>>> print(open('protein_37.pdb').read())   # PDB, C-alpha atoms
ATOM      1  CA  MET A   4     -12.082 -16.489  -4.398  1.00  0.00           C
ATOM      2  CA  SER A   5     -10.136 -15.619  -1.252  1.00  0.00           C
ATOM      3  CA  ALA A   6      -6.456 -14.711  -1.490  1.00  0.00           C
ATOM      4  CA  PRO A   7      -4.112 -17.283   0.088  1.00  0.00           C
ATOM      5  CA  ILE A   8      -1.687 -15.957   2.709  1.00  0.00           C
ATOM      6  CA  THR A   9       2.011 -16.797   2.862  1.00  0.00           C
ATOM      7  CA  LEU A  10       4.008 -16.178   6.042  1.00  0.00           C
ATOM      8  CA  GLY A  11       7.696 -15.382   6.390  1.00  0.00           C
ATOM      9  CA  GLY A  12      10.268 -13.779   8.653  1.00  0.00           C
ATOM     10  CA  ALA A  13      10.073 -14.217  12.399  1.00  0.00           C
ATOM     11  CA  ASN A  14       7.462 -16.237  14.249  1.00  0.00           C
ATOM     12  CA  PRO A  15       4.631 -13.770  15.051  1.00  0.00           C
ATOM     13  CA  GLY A  16       4.564 -15.006  18.631  1.00  0.00           C
ATOM     14  CA  ARG A  17       8.163 -13.895  19.158  1.00  0.00           C
ATOM     15  CA  ALA A  18       8.313 -10.936  16.754  1.00  0.00           C
ATOM     16  CA  THR A  19       8.399  -7.314  17.879  1.00  0.00           C
ATOM     17  CA  ARG A  20       6.856  -6.037  14.625  1.00  0.00           C
ATOM     18  CA  GLY A  21       4.694  -7.385  11.825  1.00  0.00           C
ATOM     19  CA  LEU A  22       4.537  -6.361   8.179  1.00  0.00           C
ATOM     20  CA  VAL A  23       1.885  -7.212   5.609  1.00  0.00           C
ATOM     21  CA  LEU A  24       3.309  -6.994   2.098  1.00  0.00           C
ATOM     22  CA  VAL A  25       1.082  -6.633  -0.978  1.00  0.00           C
ATOM     23  CA  HIS A  26       2.504  -7.487  -4.389  1.00  0.00           C
ATOM     24  CA  GLY A  27       2.074  -5.748  -7.726  1.00  0.00           C
ATOM     25  CA  ARG A  28       0.638  -6.965 -11.016  1.00  0.00           C
ATOM     26  CA  GLY A  29       2.178 -10.199 -12.270  1.00  0.00           C
ATOM     27  CA  ALA A  30       3.881 -11.057  -8.979  1.00  0.00           C
ATOM     28  CA  ASP A  31       2.839 -13.097  -5.951  1.00  0.00           C
ATOM     29  CA  ALA A  32       3.372 -13.365  -2.202  1.00  0.00           C
ATOM     30  CA  VAL A  33       6.765 -15.034  -2.501  1.00  0.00           C
ATOM     31  CA  ASP A  34       8.053 -12.204  -4.699  1.00  0.00           C
ATOM     32  CA  ILE A  35       7.033  -9.427  -2.321  1.00  0.00           C
ATOM     33  CA  LEU A  36       8.123 -11.343   0.793  1.00  0.00           C
ATOM     34  CA  GLY A  37      11.637 -11.011  -0.593  1.00  0.00           C
ATOM     35  CA  LEU A  38      11.394  -7.274   0.036  1.00  0.00           C
ATOM     36  CA  GLY A  39      10.572  -7.859   3.705  1.00  0.00           C
ATOM     37  CA  GLU A  40      13.405 -10.317   4.112  1.00  0.00           C
ATOM     38  CA  ALA A  41      15.840  -7.914   2.434  1.00  0.00           C
ATOM     39  CA  LEU A  42      15.195  -5.371   5.207  1.00  0.00           C
ATOM     40  CA  GLY A  43      17.365  -7.538   7.446  1.00  0.00           C
ATOM     41  CA  LEU A  44      15.204  -7.171  10.557  1.00  0.00           C
ATOM     42  CA  PRO A  45      15.312 -10.472  12.458  1.00  0.00           C
ATOM     43  CA  ASN A  46      12.356  -9.669  14.734  1.00  0.00           C
ATOM     44  CA  LEU A  47       9.961  -8.827  11.890  1.00  0.00           C
ATOM     45  CA  ALA A  48       7.093 -11.218  11.089  1.00  0.00           C
ATOM     46  CA  LEU A  49       5.834 -11.120   7.503  1.00  0.00           C
ATOM     47  CA  ALA A  50       2.545 -12.008   5.823  1.00  0.00           C
ATOM     48  CA  ALA A  51       1.548 -11.575   2.189  1.00  0.00           C
ATOM     49  CA  PRO A  52      -1.587 -12.381   0.195  1.00  0.00           C
ATOM     50  CA  THR A  53      -1.540 -13.513  -3.436  1.00  0.00           C
ATOM     51  CA  ALA A  54      -4.123 -12.033  -5.787  1.00  0.00           C
ATOM     52  CA  PRO A  55      -6.197 -14.318  -8.009  1.00  0.00           C
ATOM     53  CA  GLY A  56      -4.409 -14.393 -11.339  1.00  0.00           C
ATOM     54  CA  ARG A  57      -1.565 -12.372  -9.791  1.00  0.00           C
ATOM     55  CA  SER A  58      -3.399  -9.089 -10.341  1.00  0.00           C
ATOM     56  CA  TRP A  59      -5.542  -7.120  -7.905  1.00  0.00           C
ATOM     57  CA  TRP A  60      -7.470  -5.455 -10.745  1.00  0.00           C
ATOM     58  CA  PRO A  61      -7.428  -5.801 -14.529  1.00  0.00           C
ATOM     59  CA  THR A  62      -7.067  -2.152 -15.493  1.00  0.00           C
ATOM     60  CA  SER A  63      -5.326   1.038 -14.384  1.00  0.00           C
ATOM     61  CA  PHE A  64      -6.163   2.162 -10.847  1.00  0.00           C
ATOM     62  CA  LEU A  65      -7.183   5.441 -12.490  1.00  0.00           C
ATOM     63  CA  ALA A  66     -10.155   3.763 -14.200  1.00  0.00           C
ATOM     64  CA  PRO A  67     -13.706   4.810 -13.179  1.00  0.00           C
ATOM     65  CA  MET A  68     -14.685   3.714  -9.675  1.00  0.00           C
ATOM     66  CA  GLU A  69     -17.559   1.611 -10.999  1.00  0.00           C
ATOM     67  CA  GLN A  70     -14.909  -0.629 -12.545  1.00  0.00           C
ATOM     68  CA  MET A  71     -12.472  -0.435  -9.647  1.00  0.00           C
ATOM     69  CA  GLU A  72     -14.569  -0.752  -6.496  1.00  0.00           C
ATOM     70  CA  PRO A  73     -15.310  -4.519  -6.530  1.00  0.00           C
ATOM     71  CA  PHE A  74     -11.608  -5.283  -7.004  1.00  0.00           C
ATOM     72  CA  VAL A  75     -10.554  -2.758  -4.372  1.00  0.00           C
ATOM     73  CA  LEU A  76     -12.910  -4.256  -1.800  1.00  0.00           C
ATOM     74  CA  ALA A  77     -11.617  -7.767  -2.499  1.00  0.00           C
ATOM     75  CA  GLY A  78      -8.028  -6.524  -2.170  1.00  0.00           C
ATOM     76  CA  LEU A  79      -8.746  -4.783   1.117  1.00  0.00           C
ATOM     77  CA  ASP A  80     -10.265  -7.991   2.464  1.00  0.00           C
ATOM     78  CA  ALA A  81      -7.084  -9.833   1.451  1.00  0.00           C
ATOM     79  CA  VAL A  82      -4.994  -7.319   3.391  1.00  0.00           C
ATOM     80  CA  GLU A  83      -7.300  -7.827   6.380  1.00  0.00           C
ATOM     81  CA  THR A  84      -6.871 -11.586   6.144  1.00  0.00           C
ATOM     82  CA  ALA A  85      -3.082 -11.189   6.171  1.00  0.00           C
ATOM     83  CA  ILE A  86      -3.300  -8.940   9.225  1.00  0.00           C
ATOM     84  CA  ASP A  87      -5.505 -11.530  10.911  1.00  0.00           C
ATOM     85  CA  ALA A  88      -2.844 -14.176  10.256  1.00  0.00           C
ATOM     86  CA  LEU A  89      -0.298 -12.119  12.206  1.00  0.00           C
ATOM     87  CA  LEU A  90      -2.809 -11.372  14.953  1.00  0.00           C
ATOM     88  CA  SER A  91      -3.656 -15.036  15.383  1.00  0.00           C
ATOM     89  CA  GLY A  92       0.066 -15.744  15.604  1.00  0.00           C
ATOM     90  CA  GLY A  93       0.384 -13.514  18.647  1.00  0.00           C
ATOM     91  CA  LEU A  94       1.173  -9.987  17.423  1.00  0.00           C
ATOM     92  CA  SER A  95      -0.928  -7.028  18.550  1.00  0.00           C
ATOM     93  CA  ARG A  96      -2.500  -4.847  15.872  1.00  0.00           C
ATOM     94  CA  ASP A  97      -0.605  -1.720  16.932  1.00  0.00           C
ATOM     95  CA  LYS A  98       2.629  -3.482  15.908  1.00  0.00           C
ATOM     96  CA  ILE A  99       1.547  -4.345  12.349  1.00  0.00           C
ATOM     97  CA  ALA A 100       2.408  -2.192   9.331  1.00  0.00           C
ATOM     98  CA  VAL A 101       1.274  -2.549   5.713  1.00  0.00           C
ATOM     99  CA  ALA A 102       3.421  -2.044   2.622  1.00  0.00           C
ATOM    100  CA  GLY A 103       2.967  -2.685  -1.055  1.00  0.00           C
ATOM    101  CA  PHE A 104       4.374  -2.048  -4.489  1.00  0.00           C
ATOM    102  CA  SER A 105       2.422  -0.656  -7.468  1.00  0.00           C
ATOM    103  CA  GLN A 106      -1.093  -2.168  -7.302  1.00  0.00           C
ATOM    104  CA  GLY A 107      -0.169  -3.479  -3.866  1.00  0.00           C
ATOM    105  CA  GLY A 108       1.056  -0.049  -2.810  1.00  0.00           C
ATOM    106  CA  CYS A 109      -2.239   1.490  -3.859  1.00  0.00           C
ATOM    107  CA  LEU A 110      -4.035  -1.143  -1.773  1.00  0.00           C
ATOM    108  CA  ALA A 111      -1.784  -0.463   1.223  1.00  0.00           C
ATOM    109  CA  LEU A 112      -2.565   3.270   1.123  1.00  0.00           C
ATOM    110  CA  GLU A 113      -6.244   2.632   0.499  1.00  0.00           C
ATOM    111  CA  TYR A 114      -6.431   0.187   3.401  1.00  0.00           C
ATOM    112  CA  ALA A 115      -5.029   2.803   5.748  1.00  0.00           C
ATOM    113  CA  ALA A 116      -7.373   5.508   4.483  1.00  0.00           C
ATOM    114  CA  ARG A 117     -10.514   3.369   4.596  1.00  0.00           C
ATOM    115  CA  ARG A 118      -9.940   1.077   7.570  1.00  0.00           C
ATOM    116  CA  GLY A 119      -7.013   2.412   9.624  1.00  0.00           C
ATOM    117  CA  GLY A 120      -5.673   0.477  12.579  1.00  0.00           C
ATOM    118  CA  VAL A 121      -2.136   0.139  11.232  1.00  0.00           C
ATOM    119  CA  ALA A 122       1.235   0.986  12.757  1.00  0.00           C
ATOM    120  CA  ALA A 123       2.723   2.409   9.533  1.00  0.00           C
ATOM    121  CA  VAL A 124       2.022   2.382   5.792  1.00  0.00           C
ATOM    122  CA  PHE A 125       4.343   2.298   2.796  1.00  0.00           C
ATOM    123  CA  GLY A 126       3.002   2.872  -0.717  1.00  0.00           C
ATOM    124  CA  LEU A 127       5.892   2.148  -3.074  1.00  0.00           C
ATOM    125  CA  SER A 128       5.210   3.550  -6.555  1.00  0.00           C
ATOM    126  CA  ALA A 129       1.632   4.112  -5.489  1.00  0.00           C
ATOM    127  CA  GLY A 130      -1.255   6.463  -4.812  1.00  0.00           C
ATOM    128  CA  LEU A 131      -4.712   6.325  -3.292  1.00  0.00           C
ATOM    129  CA  VAL A 132      -7.438   4.791  -5.429  1.00  0.00           C
ATOM    130  CA  GLY A 133     -10.096   7.122  -4.029  1.00  0.00           C
ATOM    131  CA  THR A 134     -13.750   6.714  -3.142  1.00  0.00           C
ATOM    132  CA  GLY A 135     -15.577   8.148  -6.146  1.00  0.00           C
ATOM    133  CA  ASP A 136     -15.349   9.956  -9.460  1.00  0.00           C
ATOM    134  CA  ALA A 137     -15.069  13.727  -9.137  1.00  0.00           C
ATOM    135  CA  ASN A 138     -16.573  16.312 -11.452  1.00  0.00           C
ATOM    136  CA  GLY A 139     -14.334  17.305 -14.307  1.00  0.00           C
ATOM    137  CA  GLY A 140     -13.055  15.720 -17.448  1.00  0.00           C
ATOM    138  CA  ALA A 141     -10.008  13.686 -18.252  1.00  0.00           C
ATOM    139  CA  THR A 142      -6.653  15.409 -17.794  1.00  0.00           C
ATOM    140  CA  ASP A 143      -3.156  14.818 -19.097  1.00  0.00           C
ATOM    141  CA  ALA A 144      -1.866  14.943 -15.507  1.00  0.00           C
ATOM    142  CA  LEU A 145      -3.924  11.820 -14.779  1.00  0.00           C
ATOM    143  CA  TYR A 146      -2.962  10.075 -18.004  1.00  0.00           C
ATOM    144  CA  GLY A 147      -6.280  10.728 -19.698  1.00  0.00           C
ATOM    145  CA  HIS A 148      -8.440   9.877 -16.693  1.00  0.00           C
ATOM    146  CA  ALA A 149     -10.808  12.001 -14.621  1.00  0.00           C
ATOM    147  CA  PRO A 150     -10.071  13.134 -11.045  1.00  0.00           C
ATOM    148  CA  ARG A 151     -11.281  11.332  -7.924  1.00  0.00           C
ATOM    149  CA  THR A 152     -12.944  12.167  -4.654  1.00  0.00           C
ATOM    150  CA  PHE A 153     -11.248  11.088  -1.420  1.00  0.00           C
ATOM    151  CA  ASP A 154     -13.987  10.933   1.191  1.00  0.00           C
ATOM    152  CA  TYR A 155     -12.462   9.168   4.185  1.00  0.00           C
ATOM    153  CA  ASP A 156     -13.171   9.635   7.890  1.00  0.00           C
ATOM    154  CA  THR A 157     -10.460   7.384   9.350  1.00  0.00           C
ATOM    155  CA  ASP A 158      -8.281   8.769  12.153  1.00  0.00           C
ATOM    156  CA  LEU A 159      -4.627   8.236  11.240  1.00  0.00           C
ATOM    157  CA  THR A 160      -3.206  10.642  13.798  1.00  0.00           C
ATOM    158  CA  GLY A 161       0.538  10.092  14.124  1.00  0.00           C
ATOM    159  CA  VAL A 162       0.690   7.099  11.759  1.00  0.00           C
ATOM    160  CA  PRO A 163       3.877   7.184   9.633  1.00  0.00           C
ATOM    161  CA  VAL A 164       3.065   6.999   5.909  1.00  0.00           C
ATOM    162  CA  THR A 165       5.602   6.912   3.094  1.00  0.00           C
ATOM    163  CA  ILE A 166       4.693   7.294  -0.586  1.00  0.00           C
ATOM    164  CA  THR A 167       7.225   6.949  -3.376  1.00  0.00           C
ATOM    165  CA  VAL A 168       6.946   7.593  -7.103  1.00  0.00           C
ATOM    166  CA  HIS A 169       9.155   8.479 -10.059  1.00  0.00           C
ATOM    167  CA  GLU A 170       8.893  11.842 -11.819  1.00  0.00           C
ATOM    168  CA  ARG A 171       7.757  10.020 -14.930  1.00  0.00           C
ATOM    169  CA  ASP A 172       6.074   6.848 -13.763  1.00  0.00           C
ATOM    170  CA  PRO A 173       4.078   5.148 -16.533  1.00  0.00           C
ATOM    171  CA  HIS A 174       1.459   3.875 -14.069  1.00  0.00           C
ATOM    172  CA  ILE A 175       1.334   6.340 -11.142  1.00  0.00           C
ATOM    173  CA  PRO A 176       0.930  10.041 -11.972  1.00  0.00           C
ATOM    174  CA  VAL A 177       2.916  12.314  -9.669  1.00  0.00           C
ATOM    175  CA  THR A 178      -0.280  14.373  -9.330  1.00  0.00           C
ATOM    176  CA  ARG A 179      -2.086  11.408  -7.737  1.00  0.00           C
ATOM    177  CA  ALA A 180       0.824  10.758  -5.388  1.00  0.00           C
ATOM    178  CA  GLN A 181       0.804  14.414  -4.344  1.00  0.00           C
ATOM    179  CA  ASP A 182      -2.979  14.376  -3.834  1.00  0.00           C
ATOM    180  CA  SER A 183      -2.621  11.213  -1.749  1.00  0.00           C
ATOM    181  CA  LEU A 184      -0.031  12.895   0.455  1.00  0.00           C
ATOM    182  CA  GLY A 185      -2.408  15.765   1.191  1.00  0.00           C
ATOM    183  CA  VAL A 186      -5.363  13.474   1.864  1.00  0.00           C
ATOM    184  CA  LEU A 187      -3.438  11.276   4.295  1.00  0.00           C
ATOM    185  CA  ARG A 188      -2.016  14.277   6.107  1.00  0.00           C
ATOM    186  CA  GLY A 189      -5.573  15.552   6.386  1.00  0.00           C
ATOM    187  CA  LEU A 190      -6.464  12.323   8.202  1.00  0.00           C
ATOM    188  CA  GLY A 191      -3.681  13.038  10.708  1.00  0.00           C
ATOM    189  CA  ALA A 192      -0.937  10.825   9.303  1.00  0.00           C
ATOM    190  CA  THR A 193       2.707  11.834   9.459  1.00  0.00           C
ATOM    191  CA  ALA A 194       3.060  11.406   5.715  1.00  0.00           C
ATOM    192  CA  GLU A 195       5.968  12.023   3.393  1.00  0.00           C
ATOM    193  CA  LEU A 196       6.405  11.758  -0.368  1.00  0.00           C
ATOM    194  CA  HIS A 197       9.648  10.843  -2.124  1.00  0.00           C
ATOM    195  CA  VAL A 198       9.795  11.614  -5.857  1.00  0.00           C
ATOM    196  CA  ALA A 199      12.687   9.896  -7.648  1.00  0.00           C
ATOM    197  CA  PRO A 200      14.127  11.774 -10.621  1.00  0.00           C
ATOM    198  CA  GLY A 201      13.572  10.577 -14.164  1.00  0.00           C
ATOM    199  CA  ALA A 202      11.420   7.801 -15.531  1.00  0.00           C
ATOM    200  CA  GLY A 203      10.748   4.521 -13.772  1.00  0.00           C
ATOM    201  CA  HIS A 204       8.352   2.305 -11.884  1.00  0.00           C
ATOM    202  CA  GLY A 205      10.020   0.417  -9.095  1.00  0.00           C
ATOM    203  CA  ILE A 206      11.010   0.219  -5.453  1.00  0.00           C
ATOM    204  CA  THR A 207      13.384   3.099  -4.713  1.00  0.00           C
ATOM    205  CA  PRO A 208      16.151   3.342  -2.091  1.00  0.00           C
ATOM    206  CA  ALA A 209      14.138   6.059  -0.318  1.00  0.00           C
ATOM    207  CA  GLY A 210      11.244   3.665   0.138  1.00  0.00           C
ATOM    208  CA  VAL A 211      13.429   0.896   1.530  1.00  0.00           C
ATOM    209  CA  THR A 212      15.196   3.311   3.887  1.00  0.00           C
ATOM    210  CA  ALA A 213      11.868   4.604   5.200  1.00  0.00           C
ATOM    211  CA  MET A 214      10.620   1.068   5.812  1.00  0.00           C
ATOM    212  CA  ARG A 215      13.757  -0.012   7.633  1.00  0.00           C
ATOM    213  CA  LYS A 216      13.738   3.118   9.799  1.00  0.00           C
ATOM    214  CA  ALA A 217      10.085   2.861  10.799  1.00  0.00           C
ATOM    215  CA  LEU A 218      10.102  -0.885  11.421  1.00  0.00           C
ATOM    216  CA  ASN A 219      13.336  -0.811  13.379  1.00  0.00           C
ATOM    217  CA  SER A 220      12.206   1.927  15.753  1.00  0.00           C
TER
END
>>> encode(input="protein_37.pdb", output="structure tokens")
Amino acid sequence: MSAPITLGGANPGRATRGLVLVHGRGADAVDILGLGEALGLPNLALAAPTAPGRSWWPTSFLAPMEQMEPFVLAGLDAVETAIDALLSGGLSRDKIAVAGFSQGGCLALEYAARRGGVAAVFGLSAGLVGTGDANGGATDALYGHAPRTFDYDTDLTGVPVTITVHERDPHIPVTRAQDSLGVLRGLGATAELHVAPGAGHGITPAGVTAMRKALNS
């Protein structure tokens, strides 16, 4: 089942920037479009897909890749469809960024790493899913899951990437966020990681500030 796309913000034909927003578990396109509208950028066109059942995958993103890959591929196609909606409206691809929260943030980062062709990426409370299961057993740092491989060959030279996470996030291990930072920098991205103190799982002020700065440039 394909993910329906909801548009918001400025008309793509008159916008100077486009932003695809990808929601987290239990939310939908309307919920995450509120984040784009809250940026207060009048020339920003928005597009957001809604996952079937409001969830991009049924388990933790740390689960074995055999379980994750079919859901990841479907999510990436949904992101592509949202990008296509902005392209067909008149925006050029080099003006379109991708952002997401939680599951959606993981998809945003993964889309950049696997497919590229984005103006900027924002993974809010997120980390890369990865491409395969690495050797080694489960670790406490990954919440009882095994490590991943990150075999990407996409050129992200100069692409701004922002990752945010809390010190004690119940869903996103800081270790995975840190690994994601290194992987994306290795692909050439201008990547930064913001770690909020304490426990939490949400959109942080640092993430919103980074989005507004990049999209208003």
>>> resolve_selection(input="protein_37.pdb", expression="the PyMOL selection byres ((chain A and resi 46) around 12)", output="PyMOL selection string")
chain A and resi 11-22+39-40+42-45+47-49+94+98+218-220
>>> residues_around(input="protein_37.pdb", residues="His148 (chain A)", least_positions_apart="6", cutoff="8 Å", atoms="all atoms listed in the file", output="list in words")
Leu65, Ala66, Gly140, Ala141 and Thr142 of chain A
>>> resolve_selection(input="protein_37.pdb", expression="the PyMOL selection byres ((chain A and resi 111-120) around 8)", output="PDB file with C-alpha atoms, in the coordinates of the input")
ATOM      1  CA  VAL A  25       1.082  -6.633  -0.978  1.00  0.00           C
ATOM      2  CA  LEU A  79      -8.746  -4.783   1.117  1.00  0.00           C
ATOM      3  CA  VAL A  82      -4.994  -7.319   3.391  1.00  0.00           C
ATOM      4  CA  ARG A  96      -2.500  -4.847  15.872  1.00  0.00           C
ATOM      5  CA  ASP A  97      -0.605  -1.720  16.932  1.00  0.00           C
ATOM      6  CA  VAL A 101       1.274  -2.549   5.713  1.00  0.00           C
ATOM      7  CA  ALA A 102       3.421  -2.044   2.622  1.00  0.00           C
ATOM      8  CA  GLY A 103       2.967  -2.685  -1.055  1.00  0.00           C
ATOM      9  CA  GLY A 107      -0.169  -3.479  -3.866  1.00  0.00           C
ATOM     10  CA  GLY A 108       1.056  -0.049  -2.810  1.00  0.00           C
ATOM     11  CA  CYS A 109      -2.239   1.490  -3.859  1.00  0.00           C
ATOM     12  CA  LEU A 110      -4.035  -1.143  -1.773  1.00  0.00           C
ATOM     13  CA  VAL A 121      -2.136   0.139  11.232  1.00  0.00           C
ATOM     14  CA  ALA A 122       1.235   0.986  12.757  1.00  0.00           C
ATOM     15  CA  VAL A 124       2.022   2.382   5.792  1.00  0.00           C
ATOM     16  CA  PHE A 125       4.343   2.298   2.796  1.00  0.00           C
ATOM     17  CA  GLY A 126       3.002   2.872  -0.717  1.00  0.00           C
ATOM     18  CA  ALA A 129       1.632   4.112  -5.489  1.00  0.00           C
ATOM     19  CA  GLY A 130      -1.255   6.463  -4.812  1.00  0.00           C
ATOM     20  CA  LEU A 131      -4.712   6.325  -3.292  1.00  0.00           C
ATOM     21  CA  VAL A 132      -7.438   4.791  -5.429  1.00  0.00           C
ATOM     22  CA  GLY A 133     -10.096   7.122  -4.029  1.00  0.00           C
ATOM     23  CA  TYR A 155     -12.462   9.168   4.185  1.00  0.00           C
ATOM     24  CA  ASP A 156     -13.171   9.635   7.890  1.00  0.00           C
ATOM     25  CA  THR A 157     -10.460   7.384   9.350  1.00  0.00           C
ATOM     26  CA  ASP A 158      -8.281   8.769  12.153  1.00  0.00           C
ATOM     27  CA  LEU A 159      -4.627   8.236  11.240  1.00  0.00           C
ATOM     28  CA  LEU A 187      -3.438  11.276   4.295  1.00  0.00           C
ATOM     29  CA  LEU A 190      -6.464  12.323   8.202  1.00  0.00           C
TER      30      LEU A 190
END
>>> residues_around(input="protein_37.pdb", residues="region 205-214 of chain A", least_positions_apart="6", cutoff="9 Å", atoms="only C-alpha atoms", output="mmCIF file with C-alpha atoms, keeping the file's coordinate frame")
data_model
loop_
_atom_site.group_PDB
_atom_site.id
_atom_site.type_symbol
_atom_site.label_atom_id
_atom_site.label_comp_id
_atom_site.auth_asym_id
_atom_site.auth_seq_id
_atom_site.Cartn_x
_atom_site.Cartn_y
_atom_site.Cartn_z
ATOM 1 C CA LEU A 38 11.394 -7.274 0.036
ATOM 2 C CA LEU A 42 15.195 -5.371 5.207
ATOM 3 C CA ALA A 102 3.421 -2.044 2.622
ATOM 4 C CA PHE A 104 4.374 -2.048 -4.489
ATOM 5 C CA SER A 105 2.422 -0.656 -7.468
ATOM 6 C CA ALA A 123 2.723 2.409 9.533
ATOM 7 C CA VAL A 124 2.022 2.382 5.792
ATOM 8 C CA PHE A 125 4.343 2.298 2.796
ATOM 9 C CA GLY A 126 3.002 2.872 -0.717
ATOM 10 C CA LEU A 127 5.892 2.148 -3.074
ATOM 11 C CA SER A 128 5.210 3.550 -6.555
ATOM 12 C CA THR A 165 5.602 6.912 3.094
ATOM 13 C CA ILE A 166 4.693 7.294 -0.586
ATOM 14 C CA THR A 167 7.225 6.949 -3.376
ATOM 15 C CA VAL A 168 6.946 7.593 -7.103
ATOM 16 C CA HIS A 169 9.155 8.479 -10.059
ATOM 17 C CA ASP A 172 6.074 6.848 -13.763
ATOM 18 C CA HIS A 197 9.648 10.843 -2.124
ATOM 19 C CA VAL A 198 9.795 11.614 -5.857
ATOM 20 C CA ALA A 199 12.687 9.896 -7.648
#
>>> resolve_selection(input="protein_37.pdb", expression="the PyMOL selection byres ((chain A and resi 184) around 10)", output="ChimeraX atom specification")
/A:112,130-131,164-166,178-183,185-189,192-196
>>> axis_aligned_box(input="protein_37.pdb", around="region 178-191 of chain A", padding_each_side="8 Å", output="JSON")
{"center_x": -2.8, "center_y": 13.3, "center_z": 0.7, "size_x": 23.3, "size_y": 21.0, "size_z": 36.0}
>>> residues_around(input="protein_37.pdb", residues="Ala50 (chain A)", least_positions_apart="3", cutoff="6 Å", atoms="all atoms listed in the file", output="PyMOL selection string")
chain A and resi 9-10+23+85
>>> atom_distance(input="protein_37.pdb", atom1="CA of Val33 (chain A)", atom2="CA of Pro173 (chain A)")
24.7 Å
>>> atom_distance(input="protein_37.pdb", atom1="CA of Arg171 (chain A)", atom2="CA of Ser63 (chain A)")
15.9 Å
>>> atom_distance(input="protein_37.pdb", atom1="CA of Ala6 (chain A)", atom2="CA of Glu83 (chain A)")
10.5 Å
>>> residues_around(input="protein_37.pdb", residues="Thr53 (chain A)", least_positions_apart="5", cutoff="6 Å", atoms="only C-alpha atoms", output="list of chain:residue names")
A:Ala6, A:Pro7, A:Asp31, A:Ala32
>>> closest_residue(input="protein_37.pdb", among="A:Pro163, A:Gly139, A:Pro55, A:Gly191", to="Gly78 (chain A)", atoms="only C-alpha atoms")
A:Pro55
>>> closest_residue(input="protein_37.pdb", among="A:Leu24, A:Ile8, A:Pro67, A:Val75", to="Ala137 (chain A)", atoms="only C-alpha atoms")
A:Pro67
>>> closest_residue(input="protein_37.pdb", among="A:Leu36, A:Gly161, A:Val177, A:Gly56", to="Asp143 (chain A)", atoms="all atoms listed in the file")
A:Val177
>>> residues_around(input="protein_37.pdb", residues="Pro176 (chain A)", least_positions_apart="5", cutoff="8 Å", atoms="only C-alpha atoms", output="ChimeraX atom specification")
/A:144-146,171
>>> closest_residue(input="protein_37.pdb", among="A:Gly135, A:Ala88, A:Gly203, A:His174", to="Gly147 (chain A)", atoms="only C-alpha atoms")
A:His174
>>> build_atoms(input="protein_37.pdb", residues="region 92-104 of chain A", atoms="N, CA and C atoms", output="PDB file, in the coordinates of the input")
ATOM      1  N   GLY A  92      -1.234 -15.220  15.222  1.00  0.00           N
ATOM      2  CA  GLY A  92       0.066 -15.744  15.604  1.00  0.00           C
ATOM      3  C   GLY A  92       0.613 -15.143  16.874  1.00  0.00           C
ATOM      4  N   GLY A  93      -0.026 -14.082  17.366  1.00  0.00           N
ATOM      5  CA  GLY A  93       0.384 -13.514  18.647  1.00  0.00           C
ATOM      6  C   GLY A  93       0.780 -12.054  18.640  1.00  0.00           C
ATOM      7  N   LEU A  94       0.840 -11.407  17.466  1.00  0.00           N
ATOM      8  CA  LEU A  94       1.173  -9.987  17.423  1.00  0.00           C
ATOM      9  C   LEU A  94      -0.051  -9.131  17.737  1.00  0.00           C
ATOM     10  N   SER A  95       0.168  -7.968  18.341  1.00  0.00           N
ATOM     11  CA  SER A  95      -0.928  -7.028  18.550  1.00  0.00           C
ATOM     12  C   SER A  95      -1.044  -6.111  17.336  1.00  0.00           C
ATOM     13  N   ARG A  96      -2.245  -5.613  17.080  1.00  0.00           N
ATOM     14  CA  ARG A  96      -2.500  -4.847  15.872  1.00  0.00           C
ATOM     15  C   ARG A  96      -1.662  -3.568  15.808  1.00  0.00           C
ATOM     16  N   ASP A  97      -1.368  -2.969  16.939  1.00  0.00           N
ATOM     17  CA  ASP A  97      -0.605  -1.720  16.932  1.00  0.00           C
ATOM     18  C   ASP A  97       0.857  -1.923  16.550  1.00  0.00           C
ATOM     19  N   LYS A  98       1.260  -3.179  16.326  1.00  0.00           N
ATOM     20  CA  LYS A  98       2.629  -3.482  15.908  1.00  0.00           C
ATOM     21  C   LYS A  98       2.719  -3.869  14.430  1.00  0.00           C
ATOM     22  N   ILE A  99       1.594  -3.833  13.723  1.00  0.00           N
ATOM     23  CA  ILE A  99       1.547  -4.345  12.349  1.00  0.00           C
ATOM     24  C   ILE A  99       1.451  -3.199  11.347  1.00  0.00           C
ATOM     25  N   ALA A 100       2.382  -3.171  10.414  1.00  0.00           N
ATOM     26  CA  ALA A 100       2.408  -2.192   9.331  1.00  0.00           C
ATOM     27  C   ALA A 100       1.996  -2.871   8.026  1.00  0.00           C
ATOM     28  N   VAL A 101       1.667  -2.047   7.031  1.00  0.00           N
ATOM     29  CA  VAL A 101       1.274  -2.549   5.713  1.00  0.00           C
ATOM     30  C   VAL A 101       2.101  -1.840   4.654  1.00  0.00           C
ATOM     31  N   ALA A 102       2.640  -2.608   3.718  1.00  0.00           N
ATOM     32  CA  ALA A 102       3.421  -2.044   2.622  1.00  0.00           C
ATOM     33  C   ALA A 102       3.047  -2.750   1.332  1.00  0.00           C
ATOM     34  N   GLY A 103       3.232  -2.055   0.234  1.00  0.00           N
ATOM     35  CA  GLY A 103       2.967  -2.685  -1.055  1.00  0.00           C
ATOM     36  C   GLY A 103       3.641  -1.933  -2.174  1.00  0.00           C
ATOM     37  N   PHE A 104       3.780  -2.629  -3.301  1.00  0.00           N
ATOM     38  CA  PHE A 104       4.374  -2.048  -4.489  1.00  0.00           C
ATOM     39  C   PHE A 104       3.346  -1.984  -5.614  1.00  0.00           C
TER      40      PHE A 104
END
